[in-house]
file upload-v7.tsv (TSV, C-alpha atoms)
chain	number	residue	atom	x	y	z
A	34	MET	CA	190.86	48.68	-94.39
A	35	LYS	CA	190.82	44.91	-94.36
A	36	TYR	CA	191.74	44.89	-90.68
A	37	LEU	CA	188.97	47.35	-90.04
A	38	LEU	CA	186.40	45.09	-91.74
A	39	ILE	CA	187.60	42.06	-89.76
A	40	LEU	CA	187.46	44.02	-86.54
A	41	VAL	CA	183.90	45.15	-87.28
A	42	SER	CA	182.78	41.62	-88.09
A	43	MET	CA	184.40	40.27	-84.90
A	44	LEU	CA	182.67	42.94	-82.86
A	45	SER	CA	179.27	42.12	-84.38
A	46	VAL	CA	179.76	38.41	-83.65
A	47	ALA	CA	180.73	39.21	-80.08
A	48	SER	CA	177.69	41.42	-79.64
A	49	LEU	CA	175.43	38.71	-81.08
A	50	ASN	CA	176.81	36.19	-78.60
A	51	ALA	CA	176.29	38.66	-75.85
A	52	ASP	CA	172.62	39.13	-76.90
A	53	THR	CA	171.94	35.38	-76.93
A	54	SER	CA	173.53	34.93	-73.51
A	55	ASP	CA	171.33	37.74	-72.22
A	56	MET	CA	168.29	36.02	-73.67
A	57	LYS	CA	169.21	32.80	-71.89
A	58	THR	CA	169.50	34.46	-68.56
A	59	GLU	CA	166.11	36.06	-69.11
A	60	THR	CA	164.38	32.80	-69.96
A	61	VAL	CA	165.56	31.01	-66.82
A	62	PRO	CA	163.45	33.06	-64.42
A	63	ALA	CA	160.55	32.75	-66.85
A	64	LYS	CA	160.74	28.96	-66.54
A	65	VAL	CA	160.87	29.18	-62.78
A	66	GLN	CA	157.73	31.25	-62.86
A	67	THR	CA	155.83	28.73	-64.90
A	68	VAL	CA	156.80	26.01	-62.43
A	69	THR	CA	155.96	27.86	-59.27
A	70	VAL	CA	152.59	29.25	-60.35
A	71	PRO	CA	150.73	25.92	-60.68
A	72	SER	CA	152.33	24.62	-57.49
A	73	THR	CA	150.14	26.99	-55.50
A	74	SER	CA	146.95	25.27	-56.68
A	75	THR	CA	146.10	22.18	-54.68
A	76	ILE	CA	143.98	20.49	-57.35
A	77	ASN	CA	146.70	19.81	-59.87
A	78	VAL	CA	149.30	18.65	-57.40
A	79	ASN	CA	148.15	15.06	-57.11
A	80	TYR	CA	147.88	14.28	-60.77
A	81	PRO	CA	150.13	11.40	-61.77
A	82	ALA	CA	151.78	13.50	-64.48
A	83	CYS	CA	153.12	15.97	-61.95
A	84	THR	CA	156.89	16.20	-61.57
A	85	LYS	CA	158.87	15.85	-58.38
A	86	ASP	CA	159.50	19.58	-58.41
A	87	HIS	CA	155.79	20.19	-57.90
A	88	VAL	CA	155.61	17.80	-55.00
A	89	SER	CA	158.67	19.24	-53.33
A	90	SER	CA	157.31	22.73	-53.75
A	91	GLU	CA	154.08	21.51	-52.16
A	92	LYS	CA	156.00	20.18	-49.21
A	93	THR	CA	157.79	23.45	-48.74
A	94	HIS	CA	154.45	25.25	-48.72
A	95	GLY	CA	153.22	22.91	-46.03
A	96	HIS	CA	150.17	21.60	-47.92
A	97	THR	CA	149.18	18.00	-47.35
A	98	PRO	CA	148.28	16.47	-50.69
A	99	ALA	CA	144.81	15.02	-50.91
A	100	PRO	CA	144.65	11.27	-51.61
A	101	VAL	CA	144.23	10.39	-55.25
A	102	VAL	CA	140.87	8.81	-55.84
A	103	ALA	CA	141.07	8.10	-59.49
A	104	GLU	CA	140.22	4.41	-59.52
A	105	VAL	CA	137.25	3.72	-61.70
A	106	LYS	CA	135.84	0.32	-60.88
A	107	ASP	CA	133.43	-1.46	-63.13
A	108	VAL	CA	130.36	-1.93	-60.99
A	109	GLU	CA	128.66	-4.92	-62.44
A	110	THR	CA	125.72	-6.24	-60.48
A	111	GLN	CA	125.56	-9.93	-61.02
A	112	GLU	CA	122.06	-11.21	-61.51
A	113	ASP	CA	121.15	-14.32	-59.54
A	114	VAL	CA	120.66	-17.27	-61.85
A	115	LEU	CA	118.72	-20.32	-60.77
A	116	GLU	CA	120.83	-23.29	-61.76
A	117	ALA	CA	119.35	-26.74	-62.45
A	118	GLU	CA	118.95	-28.95	-59.38
A	119	GLU	CA	119.34	-25.94	-57.13
A	120	LYS	CA	116.99	-23.90	-54.99
A	121	MET	CA	116.86	-20.18	-54.41
A	122	LEU	CA	115.48	-18.30	-51.44
A	123	ILE	CA	113.75	-15.04	-52.18
A	124	SER	CA	113.01	-12.70	-49.30
A	125	VAL	CA	110.93	-9.51	-49.43
A	126	VAL	CA	109.46	-7.03	-46.97
A	127	GLY	CA	105.94	-5.84	-47.76
A	128	GLN	CA	104.55	-2.67	-46.26
A	129	GLY	CA	101.00	-1.73	-45.43
A	130	VAL	CA	99.44	1.33	-43.83
A	131	ALA	CA	96.35	1.31	-41.64
A	132	PRO	CA	93.48	3.45	-42.93
A	133	MET	CA	92.55	6.59	-40.99
A	134	ASN	CA	88.90	5.71	-40.40
A	135	THR	CA	88.98	2.44	-38.50
A	136	SER	CA	86.61	1.45	-35.74
A	137	SER	CA	89.33	-0.01	-33.50
A	138	PRO	CA	93.12	-0.35	-33.29
A	139	ALA	CA	92.71	-4.07	-33.85
A	140	GLN	CA	90.93	-3.43	-37.13
A	141	ALA	CA	93.64	-0.95	-38.13
A	142	TYR	CA	96.29	-3.58	-37.43
A	143	ALA	CA	94.42	-6.28	-39.33
A	144	LEU	CA	93.91	-4.06	-42.38
A	145	ALA	CA	97.50	-2.83	-42.36
A	146	LYS	CA	98.75	-6.40	-42.11
A	147	ARG	CA	96.53	-7.52	-44.97
A	148	ALA	CA	97.87	-4.69	-47.13
A	149	ALA	CA	101.44	-5.58	-46.16
A	150	VAL	CA	100.88	-9.24	-47.05
A	151	ALA	CA	99.43	-8.27	-50.43
A	152	ASP	CA	102.42	-5.98	-51.00
A	153	ALA	CA	104.82	-8.80	-50.11
A	154	TYR	CA	103.11	-11.15	-52.56
A	155	ARG	CA	103.35	-8.48	-55.20
A	156	LEU	CA	107.08	-8.01	-54.52
A	157	ILE	CA	107.67	-11.76	-54.81
A	158	ALA	CA	105.74	-11.82	-58.09
A	159	GLU	CA	107.80	-8.90	-59.37
A	160	LYS	CA	111.07	-10.55	-58.37
A	161	VAL	CA	110.26	-13.89	-59.93
A	162	LYS	CA	108.32	-12.88	-63.03
A	163	GLY	CA	109.48	-9.33	-63.65
A	164	VAL	CA	107.50	-6.14	-64.10
A	165	ARG	CA	105.82	-4.81	-67.19
A	166	ILE	CA	106.34	-1.07	-67.46
A	167	ASP	CA	104.47	1.26	-69.79
A	168	GLY	CA	105.31	4.92	-69.95
A	169	GLN	CA	103.67	7.76	-71.81
A	170	ASP	CA	104.56	11.44	-71.96
A	171	LEU	CA	102.36	13.99	-73.63
A	172	ILE	CA	104.25	17.05	-74.80
A	173	LYS	CA	102.52	20.08	-76.29
A	174	ASN	CA	104.27	23.23	-77.42
A	175	MET	CA	107.55	21.85	-76.14
A	176	MET	CA	106.13	21.41	-72.62
A	177	VAL	CA	105.21	18.24	-70.74
A	178	LYS	CA	101.45	18.24	-70.31
A	179	ARG	CA	101.06	14.77	-68.87
A	180	SER	CA	103.53	12.13	-67.73
A	181	THR	CA	102.27	8.66	-66.95
A	182	VAL	CA	104.07	5.50	-65.85
A	183	ARG	CA	102.13	2.27	-65.44
A	184	THR	CA	103.55	-0.93	-64.05
A	185	SER	CA	101.85	-4.29	-63.78
A	186	VAL	CA	102.55	-7.88	-62.83
A	187	ALA	CA	100.43	-11.02	-62.79
A	188	ALA	CA	101.61	-14.27	-61.24
A	189	MET	CA	100.58	-17.35	-59.28
A	190	VAL	CA	102.43	-17.61	-55.97
A	191	ARG	CA	102.58	-20.83	-53.98
A	192	ASN	CA	104.23	-21.80	-50.71
A	193	ALA	CA	105.32	-18.34	-49.60
A	194	ASN	CA	105.96	-18.06	-45.86
A	195	ILE	CA	105.53	-15.09	-43.55
A	196	VAL	CA	108.72	-14.91	-41.49
A	197	GLU	CA	108.17	-11.81	-39.37
A	198	THR	CA	105.49	-9.18	-38.84
A	199	THR	CA	106.08	-5.80	-37.22
A	200	PHE	CA	103.64	-2.98	-36.58
A	201	LYS	CA	104.97	0.43	-35.68
A	202	GLU	CA	103.34	3.86	-35.91
A	203	GLY	CA	100.60	2.72	-38.24
A	204	LEU	CA	102.98	0.94	-40.61
A	205	CYS	CA	102.91	-2.83	-40.81
A	206	GLU	CA	105.87	-4.66	-42.28
A	207	VAL	CA	105.70	-8.29	-43.29
A	208	GLU	CA	108.82	-10.24	-44.16
A	209	MET	CA	108.02	-13.01	-46.57
A	210	GLU	CA	110.16	-15.76	-48.02
A	211	ILE	CA	109.73	-18.21	-50.85
A	212	VAL	CA	111.97	-21.03	-52.00
A	213	ILE	CA	111.92	-21.55	-55.74
A	214	SER	CA	113.47	-24.45	-57.58
A	215	HIS	CA	114.44	-24.97	-61.18
A	216	ALA	CA	111.87	-27.76	-61.54
A	217	GLN	CA	109.00	-25.34	-60.95
A	218	PHE	CA	109.80	-23.49	-64.15
A	219	LYS	CA	110.01	-26.52	-66.45
B	288	MET	CA	78.52	-26.99	-54.87
B	289	GLN	CA	79.93	-29.66	-57.18
B	290	LYS	CA	81.46	-33.03	-56.61
B	291	CYS	CA	85.22	-33.14	-56.88
B	292	ASP	CA	87.66	-35.97	-57.42
B	293	GLY	CA	91.21	-36.18	-56.19
B	294	LYS	CA	93.47	-37.20	-53.40
B	295	PRO	CA	93.60	-35.16	-50.18
B	296	TYR	CA	96.96	-33.71	-49.25
B	297	LYS	CA	98.47	-31.26	-46.78
B	298	PRO	CA	95.55	-31.10	-44.31
B	299	ILE	CA	94.92	-28.44	-41.68
B	300	ILE	CA	93.20	-29.25	-38.41
B	301	PHE	CA	91.12	-26.90	-36.28
B	302	GLU	CA	89.44	-27.36	-32.95
B	303	THR	CA	85.65	-27.40	-33.27
B	304	ARG	CA	84.60	-26.93	-29.63
B	305	ASP	CA	81.38	-28.86	-30.34
B	306	ASP	CA	80.55	-26.58	-33.23
B	307	LYS	CA	79.70	-28.09	-36.62
B	308	ASN	CA	79.41	-24.79	-38.45
B	309	LEU	CA	82.40	-24.63	-40.80
B	310	ARG	CA	81.99	-20.94	-41.58
B	311	LYS	CA	82.11	-20.12	-37.87
B	312	ILE	CA	85.18	-22.28	-37.33
B	313	LEU	CA	86.97	-20.62	-40.23
B	314	THR	CA	86.01	-17.15	-38.98
B	315	THR	CA	87.40	-18.00	-35.57
B	316	ASN	CA	90.67	-19.23	-37.09
B	317	ASN	CA	90.69	-16.85	-40.02
B	318	GLU	CA	94.32	-15.70	-39.72
B	319	GLU	CA	95.63	-19.24	-39.66
B	320	PHE	CA	93.32	-20.41	-42.43
B	321	ILE	CA	94.18	-17.47	-44.71
B	322	ASP	CA	97.91	-18.12	-44.29
B	323	TYR	CA	97.31	-21.78	-45.06
B	324	ILE	CA	95.11	-21.20	-48.09
B	325	HIS	CA	97.52	-18.63	-49.50
B	326	LYS	CA	100.24	-21.25	-49.47
B	327	LEU	CA	98.14	-23.54	-51.65
B	328	GLY	CA	98.16	-21.06	-54.47
B	329	LEU	CA	97.36	-17.43	-54.97
B	330	SER	CA	96.99	-15.35	-58.08
B	331	VAL	CA	98.55	-11.91	-57.71
B	332	GLU	CA	97.51	-9.13	-60.02
B	333	HIS	CA	99.05	-5.76	-59.43
B	334	LYS	CA	98.70	-2.52	-61.34
B	335	ASP	CA	99.98	0.87	-60.42
B	336	LYS	CA	99.93	4.21	-62.09
B	337	THR	CA	102.01	7.32	-61.58
B	338	LYS	CA	100.42	10.29	-63.28
B	339	ASN	CA	102.14	13.64	-62.93
B	340	PHE	CA	104.09	12.22	-59.98
B	341	GLN	CA	100.94	11.11	-58.15
B	342	TYR	CA	100.93	7.40	-57.36
B	343	SER	CA	97.96	5.04	-57.16
B	344	SER	CA	97.95	1.26	-57.04
B	345	THR	CA	95.67	-1.77	-57.00
B	346	THR	CA	96.65	-5.27	-55.94
B	347	ILE	CA	94.16	-8.09	-56.36
B	348	LEU	CA	94.80	-11.43	-54.67
B	349	THR	CA	92.62	-14.27	-55.94
B	350	LEU	CA	92.58	-17.68	-54.35
B	351	LYS	CA	93.08	-20.64	-56.60
B	352	THR	CA	89.87	-22.58	-57.22
B	353	THR	CA	90.29	-25.65	-55.02
B	354	CYS	CA	88.08	-28.45	-53.75
B	355	PHE	CA	88.41	-29.47	-50.09
B	356	LYS	CA	87.54	-32.54	-48.16
B	357	VAL	CA	86.16	-31.68	-44.72
B	358	ASP	CA	86.03	-34.32	-41.97
B	359	PHE	CA	84.38	-33.53	-38.66
B	360	ASN	CA	85.51	-35.61	-35.72
B	361	ASP	CA	84.53	-35.23	-32.08
B	362	ASN	CA	86.56	-32.16	-31.23
B	363	PHE	CA	88.41	-31.40	-34.46
B	364	VAL	CA	87.79	-30.65	-38.09
B	365	ARG	CA	90.25	-31.78	-40.76
B	366	ILE	CA	90.31	-29.74	-43.95
B	367	SER	CA	92.32	-31.16	-46.87
B	368	PRO	CA	92.59	-29.80	-50.40
B	369	LEU	CA	92.12	-32.30	-53.24
B	370	LYS	CA	94.72	-32.79	-55.91
call {"tool": "encode", "arguments": {"input": "upload-v7.tsv", "output": "C-alpha coordinates"}}
result
Amino acid sequence: MKYLLILVSMLSVASLNADTSDMKTETVPAKVQTVTVPSTSTINVNYPACTKDHVSSEKTHGHTPAPVVAEVKDVETQEDVLEAEEKMLISVVGQGVAPMNTSSPAQAYALAKRAAVADAYRLIAEKVKGVRIDGQDLIKNMMVKRSTVRTSVAAMVRNANIVETTFKEGLCEVEMEIVISHAQFK
Amino acid sequence: MQKCDGKPYKPIIFETRDDKNLRKILTTNNEEFIDYIHKLGLSVEHKDKTKNFQYSSTTILTLKTTCFKVDFNDNFVRISPLK
(Lines of atoms letter the chains of each structure in order from A and count residues from 1; the text may use other names and numbers.)
(Lines give C-alpha, C1' and ligand atoms only; values in the text may rest on other atoms or scores of the structure.)
Protein backbone atom coordinates (compact mmCIF):
# COMPACT_ATOMS: atom_id res chain seq x y z
CA MET A 1 0.00 0.00 0.00
CA LYS A 2 2.81 2.33 0.95
CA TYR A 3 4.58 1.58 -2.32
CA LEU A 4 1.37 2.28 -4.15
CA LEU A 5 1.03 5.71 -2.48
CA ILE A 6 4.64 6.58 -3.30
CA LEU A 7 4.17 5.49 -6.88
CA VAL A 8 1.04 7.63 -7.22
CA SER A 9 2.77 10.67 -5.76
CA MET A 10 5.78 10.19 -8.08
CA LEU A 11 3.47 9.93 -11.06
CA SER A 12 1.63 13.14 -10.11
CA VAL A 13 4.94 15.01 -9.73
CA ALA A 14 6.08 13.72 -13.10
CA SER A 15 2.84 14.79 -14.72
CA LEU A 16 3.10 18.24 -13.12
CA ASN A 17 6.61 18.66 -14.52
CA ALA A 18 5.37 17.56 -17.87
CA ASP A 19 2.58 20.20 -17.75
CA THR A 20 4.98 23.02 -16.89
CA SER A 21 7.37 22.01 -19.66
CA ASP A 22 4.44 22.04 -22.07
CA MET A 23 3.51 25.50 -20.88
CA LYS A 24 7.05 26.72 -21.52
CA THR A 25 7.08 25.47 -25.04
CA GLU A 26 3.76 27.19 -25.64
CA THR A 27 4.93 30.55 -24.34
CA VAL A 28 8.00 30.69 -26.58
CA PRO A 29 6.05 31.10 -29.82
CA ALA A 30 3.82 33.61 -28.05
CA LYS A 31 6.88 35.76 -27.32
CA VAL A 32 8.04 35.50 -30.89
CA GLN A 33 4.67 36.73 -32.01
CA THR A 34 4.79 39.78 -29.82
CA VAL A 35 8.20 40.65 -31.23
CA THR A 36 7.39 40.18 -34.87
CA VAL A 37 4.07 42.02 -34.91
CA PRO A 38 5.39 45.52 -34.11
CA SER A 39 8.34 45.03 -36.45
CA THR A 40 5.98 45.31 -39.40
CA SER A 41 5.05 48.90 -38.50
CA THR A 42 7.55 51.44 -39.74
CA ILE A 43 6.71 54.16 -37.22
CA ASN A 44 7.94 52.43 -34.10
CA VAL A 45 11.12 51.06 -35.59
CA ASN A 46 13.25 54.15 -35.17
CA TYR A 47 12.45 54.85 -31.57
CA PRO A 48 15.57 54.82 -29.40
CA ALA A 49 14.03 52.25 -27.06
CA CYS A 50 13.79 49.67 -29.81
CA THR A 51 15.90 46.54 -29.45
CA LYS A 52 18.35 45.17 -31.95
CA ASP A 53 15.91 42.40 -32.77
CA HIS A 54 13.50 44.97 -34.18
CA VAL A 55 16.16 46.55 -36.33
CA SER A 56 17.38 43.24 -37.65
CA SER A 57 13.85 42.19 -38.44
CA GLU A 58 13.45 45.50 -40.30
CA LYS A 59 16.53 44.77 -42.32
CA THR A 60 15.26 41.36 -43.25
CA HIS A 61 12.01 42.92 -44.44
CA GLY A 62 13.96 45.30 -46.62
CA HIS A 63 12.56 48.53 -45.12
CA THR A 64 14.90 51.50 -44.92
CA PRO A 65 14.40 53.15 -41.56
CA ALA A 66 13.44 56.80 -41.69
CA PRO A 67 15.92 59.20 -40.08
CA VAL A 68 15.13 60.09 -36.51
CA VAL A 69 14.19 63.72 -36.23
CA ALA A 70 13.62 64.01 -32.56
CA GLU A 71 15.89 66.93 -31.75
CA VAL A 72 13.99 69.72 -30.12
CA LYS A 73 16.00 72.90 -30.29
CA ASP A 74 15.21 75.91 -28.20
CA VAL A 75 14.52 78.62 -30.74
CA GLU A 76 15.31 81.80 -28.93
CA THR A 77 15.27 84.92 -31.04
CA GLN A 78 17.76 87.30 -29.60
CA GLU A 79 16.56 90.86 -29.53
CA ASP A 80 19.04 93.46 -30.76
CA VAL A 81 20.19 95.65 -27.91
CA LEU A 82 21.73 99.04 -28.52
CA GLU A 83 24.83 99.18 -26.38
CA ALA A 84 26.34 102.45 -25.13
CA GLU A 85 28.80 104.10 -27.53
CA GLU A 86 27.52 101.95 -30.36
CA LYS A 87 25.36 102.57 -33.40
CA MET A 88 22.69 100.41 -34.94
CA LEU A 89 21.48 100.34 -38.53
CA ILE A 90 17.80 99.73 -39.04
CA SER A 91 16.58 98.89 -42.52
CA VAL A 92 12.96 98.60 -43.66
CA VAL A 93 11.09 98.25 -46.94
CA GLY A 94 7.92 100.32 -47.23
CA GLN A 95 5.25 99.49 -49.77
CA GLY A 96 2.79 101.74 -51.53
CA VAL A 97 0.14 101.11 -54.16
CA ALA A 98 -0.88 103.56 -56.86
CA PRO A 99 -4.55 104.55 -56.80
CA MET A 100 -6.79 103.37 -59.65
CA ASN A 101 -8.02 106.80 -60.73
CA THR A 102 -4.89 108.71 -61.64
CA SER A 103 -4.58 111.18 -64.47
CA SER A 104 -1.18 109.90 -65.64
CA PRO A 105 1.31 107.09 -64.97
CA ALA A 106 3.67 109.68 -63.55
CA GLN A 107 1.09 110.72 -60.99
CA ALA A 108 0.44 107.07 -60.13
CA TYR A 109 4.16 106.56 -59.56
CA ALA A 110 4.48 109.69 -57.45
CA LEU A 111 1.51 108.77 -55.26
CA ALA A 112 2.64 105.17 -54.86
CA LYS A 113 6.11 106.35 -53.90
CA ARG A 114 4.73 108.80 -51.36
CA ALA A 115 2.65 106.03 -49.80
CA ALA A 116 5.69 103.73 -49.74
CA VAL A 117 7.82 106.41 -48.06
CA ALA A 118 5.13 106.99 -45.43
CA ASP A 119 4.93 103.22 -44.86
CA ALA A 120 8.71 103.03 -44.48
CA TYR A 121 8.68 105.83 -41.90
CA ARG A 122 5.94 104.02 -40.06
CA LEU A 123 7.94 100.77 -40.06
CA ILE A 124 10.98 102.59 -38.68
CA ALA A 125 8.84 104.18 -35.97
CA GLU A 126 7.40 100.77 -35.10
CA LYS A 127 10.84 99.17 -34.93
CA VAL A 128 12.36 101.85 -32.76
CA LYS A 129 9.46 102.79 -30.50
CA GLY A 130 7.25 99.72 -30.61
CA VAL A 131 3.58 99.35 -31.43
CA ARG A 132 0.59 99.89 -29.22
CA ILE A 133 -2.01 97.21 -29.83
CA ASP A 134 -5.60 97.30 -28.64
CA GLY A 135 -7.92 94.40 -29.26
CA GLN A 136 -11.60 93.99 -28.60
CA ASP A 137 -13.90 91.05 -29.24
CA LEU A 138 -17.63 91.26 -28.78
CA ILE A 139 -19.23 87.90 -28.09
CA LYS A 140 -22.99 87.44 -27.84
CA ASN A 141 -24.73 84.15 -27.24
CA MET A 142 -21.39 82.37 -27.41
CA MET A 143 -20.70 83.75 -30.90
CA VAL A 144 -18.22 86.39 -32.04
CA LYS A 145 -20.23 89.38 -33.22
CA ARG A 146 -17.37 91.79 -33.75
CA SER A 147 -13.60 91.42 -33.62
CA THR A 148 -11.45 94.53 -33.71
CA VAL A 149 -7.69 95.02 -33.54
CA ARG A 150 -6.24 98.52 -33.49
CA THR A 151 -2.56 99.33 -33.66
CA SER A 152 -0.93 102.71 -33.38
CA VAL A 153 2.48 104.33 -33.20
CA ALA A 154 3.63 107.93 -32.85
CA ALA A 155 7.26 108.96 -33.22
CA MET A 156 9.64 111.64 -34.47
CA VAL A 157 11.99 110.31 -37.13
CA ARG A 158 15.16 112.14 -38.13
CA ASN A 159 17.92 111.40 -40.63
CA ALA A 160 16.32 108.42 -42.35
CA ASN A 161 17.73 107.72 -45.81
CA ILE A 162 16.03 106.25 -48.86
CA VAL A 163 18.40 103.59 -50.19
CA GLU A 164 16.47 102.14 -53.12
CA THR A 165 13.14 102.66 -54.86
CA THR A 166 11.49 100.13 -57.15
CA PHE A 167 8.19 100.35 -58.99
CA LYS A 168 6.70 97.22 -60.46
CA GLU A 169 3.13 96.43 -61.48
CA GLY A 170 1.63 99.31 -59.55
CA LEU A 171 3.53 98.52 -56.36
CA CYS A 172 6.25 100.86 -55.20
CA GLU A 173 8.82 99.63 -52.72
CA VAL A 174 11.11 101.98 -50.85
CA GLU A 175 14.07 100.69 -48.88
CA MET A 176 14.87 103.02 -46.04
CA GLU A 177 17.68 103.00 -43.51
CA ILE A 178 18.33 104.84 -40.29
CA VAL A 179 21.34 104.79 -38.00
CA ILE A 180 20.45 105.17 -34.36
CA SER A 181 22.89 105.70 -31.54
CA HIS A 182 22.64 105.27 -27.81
CA ALA A 183 23.14 109.01 -27.27
CA GLN A 184 19.88 109.81 -29.05
CA PHE A 185 17.88 108.07 -26.35
CA LYS A 186 19.51 109.76 -23.35
CA MET B 1 5.73 134.99 -40.66
CA GLN B 2 7.77 135.50 -37.49
CA LYS B 3 11.35 136.34 -36.83
CA CYS B 4 13.50 133.41 -35.77
CA ASP B 5 16.83 133.20 -34.01
CA GLY B 6 19.43 130.50 -34.38
CA LYS B 7 22.42 129.32 -36.28
CA PRO B 8 22.04 127.96 -39.82
CA TYR B 9 23.18 124.40 -40.38
CA LYS B 10 23.03 121.69 -43.04
CA PRO B 11 22.07 123.91 -46.01
CA ILE B 12 20.60 122.78 -49.32
CA ILE B 13 21.31 124.62 -52.54
CA PHE B 14 19.07 124.83 -55.60
CA GLU B 15 19.57 126.43 -58.97
CA THR B 16 17.33 129.46 -59.44
CA ARG B 17 17.59 129.99 -63.21
CA ASP B 18 16.96 133.73 -62.70
CA ASP B 19 13.81 133.02 -60.74
CA LYS B 20 13.33 134.62 -57.32
CA ASN B 21 10.08 132.86 -56.53
CA LEU B 22 10.88 130.40 -53.74
CA ARG B 23 7.62 128.48 -54.06
CA LYS B 24 8.31 127.87 -57.74
CA ILE B 25 11.86 126.75 -57.05
CA LEU B 26 10.67 124.33 -54.38
CA THR B 27 7.95 122.98 -56.67
CA THR B 28 10.51 122.37 -59.37
CA ASN B 29 12.79 120.53 -56.94
CA ASN B 30 10.05 119.09 -54.80
CA GLU B 31 11.36 115.50 -54.63
CA GLU B 32 14.78 116.61 -53.48
CA PHE B 33 13.41 119.17 -51.05
CA ILE B 34 10.93 116.71 -49.49
CA ASP B 35 13.70 114.15 -48.95
CA TYR B 36 15.84 116.85 -47.38
CA ILE B 37 13.14 118.26 -45.14
CA HIS B 38 12.11 114.79 -43.98
CA LYS B 39 15.64 114.23 -42.76
CA LEU B 40 15.43 117.29 -40.54
CA GLY B 41 12.64 115.79 -38.53
CA LEU B 42 9.29 114.22 -39.17
CA SER B 43 6.49 113.27 -36.86
CA VAL B 44 4.93 109.93 -37.79
CA GLU B 45 1.48 109.08 -36.55
CA HIS B 46 0.02 105.81 -37.68
CA LYS B 47 -3.24 104.13 -36.80
CA ASP B 48 -4.75 101.05 -38.30
CA LYS B 49 -7.84 99.07 -37.61
CA THR B 50 -8.80 95.52 -38.47
CA LYS B 51 -12.51 94.99 -37.97
CA ASN B 52 -13.92 91.58 -38.82
CA PHE B 53 -10.76 90.88 -40.83
CA GLN B 54 -11.12 94.05 -42.91
CA TYR B 55 -8.07 96.31 -42.70
CA SER B 56 -7.93 100.10 -42.88
CA SER B 57 -5.07 102.40 -42.00
CA THR B 58 -4.09 106.05 -41.71
CA THR B 59 -0.55 107.40 -41.60
CA ILE B 60 0.00 111.09 -40.98
CA LEU B 61 3.44 112.60 -41.56
CA THR B 62 3.89 116.07 -40.07
CA LEU B 63 6.96 118.16 -40.68
CA LYS B 64 8.71 119.58 -37.68
CA THR B 65 8.13 123.30 -37.26
CA THR B 66 11.40 124.83 -38.44
CA CYS B 67 12.66 128.28 -39.36
CA PHE B 68 14.84 128.62 -42.47
CA LYS B 69 17.29 131.17 -43.66
CA VAL B 70 17.01 131.72 -47.42
CA ASP B 71 19.83 133.41 -49.34
CA PHE B 72 19.40 134.22 -53.01
CA ASN B 73 22.58 134.58 -55.00
CA ASP B 74 22.95 135.10 -58.74
CA ASN B 75 22.10 131.62 -59.92
CA PHE B 76 21.51 129.71 -56.69
CA VAL B 77 19.38 129.76 -53.60
CA ARG B 78 20.73 128.51 -50.28
CA ILE B 79 18.18 127.24 -47.79
CA SER B 80 19.42 126.52 -44.25
CA PRO B 81 17.37 125.50 -41.22
CA LEU B 82 18.03 127.41 -37.99
CA LYS B 83 18.99 125.66 -34.81
call {"tool": "closest_atom_pairs", "arguments": {"input": "upload-v7.tsv", "of": "chain B", "to": "chain A", "cutoff": "9 Å", "atoms": "all atoms listed in the file", "output": "JSON lines"}}
result
{"residue": "B:Asp322", "atom": "CA", "partner": "A:Asn194", "partner_atom": "CA", "distance": 8.2}
{"residue": "B:Tyr323", "atom": "CA", "partner": "A:Asn192", "partner_atom": "CA", "distance": 8.9}
{"residue": "B:His325", "atom": "CA", "partner": "A:Arg191", "partner_atom": "CA", "distance": 7.1}
{"residue": "B:Lys326", "atom": "CA", "partner": "A:Asn192", "partner_atom": "CA", "distance": 4.2}
{"residue": "B:Leu327", "atom": "CA", "partner": "A:Arg191", "partner_atom": "CA", "distance": 5.7}
{"residue": "B:Gly328", "atom": "CA", "partner": "A:Arg191", "partner_atom": "CA", "distance": 4.5}
{"residue": "B:Leu329", "atom": "CA", "partner": "A:Val190", "partner_atom": "CA", "distance": 5.2}
{"residue": "B:Ser330", "atom": "CA", "partner": "A:Met189", "partner_atom": "CA", "distance": 4.3}
{"residue": "B:Val331", "atom": "CA", "partner": "A:Ala188", "partner_atom": "CA", "distance": 5.2}
{"residue": "B:Glu332", "atom": "CA", "partner": "A:Ala187", "partner_atom": "CA", "distance": 4.4}
{"residue": "B:His333", "atom": "CA", "partner": "A:Val186", "partner_atom": "CA", "distance": 5.3}
{"residue": "B:Lys334", "atom": "CA", "partner": "A:Ser185", "partner_atom": "CA", "distance": 4.4}
{"residue": "B:Asp335", "atom": "CA", "partner": "A:Thr184", "partner_atom": "CA", "distance": 5.4}
{"residue": "B:Lys336", "atom": "CA", "partner": "A:Arg183", "partner_atom": "CA", "distance": 4.5}
{"residue": "B:Thr337", "atom": "CA", "partner": "A:Val182", "partner_atom": "CA", "distance": 5.1}
{"residue": "B:Lys338", "atom": "CA", "partner": "A:Thr181", "partner_atom": "CA", "distance": 4.4}
{"residue": "B:Asn339", "atom": "CA", "partner": "A:Ser180", "partner_atom": "CA", "distance": 5.2}
{"residue": "B:Phe340", "atom": "CA", "partner": "A:Ser180", "partner_atom": "CA", "distance": 7.8}
{"residue": "B:Thr346", "atom": "CA", "partner": "A:Ala151", "partner_atom": "CA", "distance": 6.9}
{"residue": "B:Ile347", "atom": "CA", "partner": "A:Ala151", "partner_atom": "CA", "distance": 7.9}
{"residue": "B:Leu348", "atom": "CA", "partner": "A:Ala151", "partner_atom": "CA", "distance": 7.0}
{"residue": "B:Lys351", "atom": "CA", "partner": "A:Met189", "partner_atom": "CA", "distance": 8.6}
call {"tool": "closest_residue", "arguments": {"input": "upload-v7.tsv", "among": "A:Asn174, A:Thr198, A:Asn134, A:Ser124", "to": "A:Lys146", "atoms": "only C-alpha atoms"}}
result
A:Thr198
call {"tool": "axis_aligned_box", "arguments": {"input": "upload-v7.tsv", "around": "stretch 335-340 of chain B", "padding_each_side": "3 Å", "output": "AutoDock Vina command-line options"}}
result
--center_x 102.0 --center_y 7.3 --center_z -61.6 --size_x 10.2 --size_y 18.8 --size_z 9.3
call {"tool": "atom_distance", "arguments": {"input": "upload-v7.tsv", "atom1": "atom CA of B:Ser367", "atom2": "atom CA of B:Ile299"}}
result
6.4 Å
call {"tool": "atom_distance", "arguments": {"input": "upload-v7.tsv", "atom1": "atom CA of B:Glu319", "atom2": "atom CA of B:Phe363"}}
result
15.1 Å
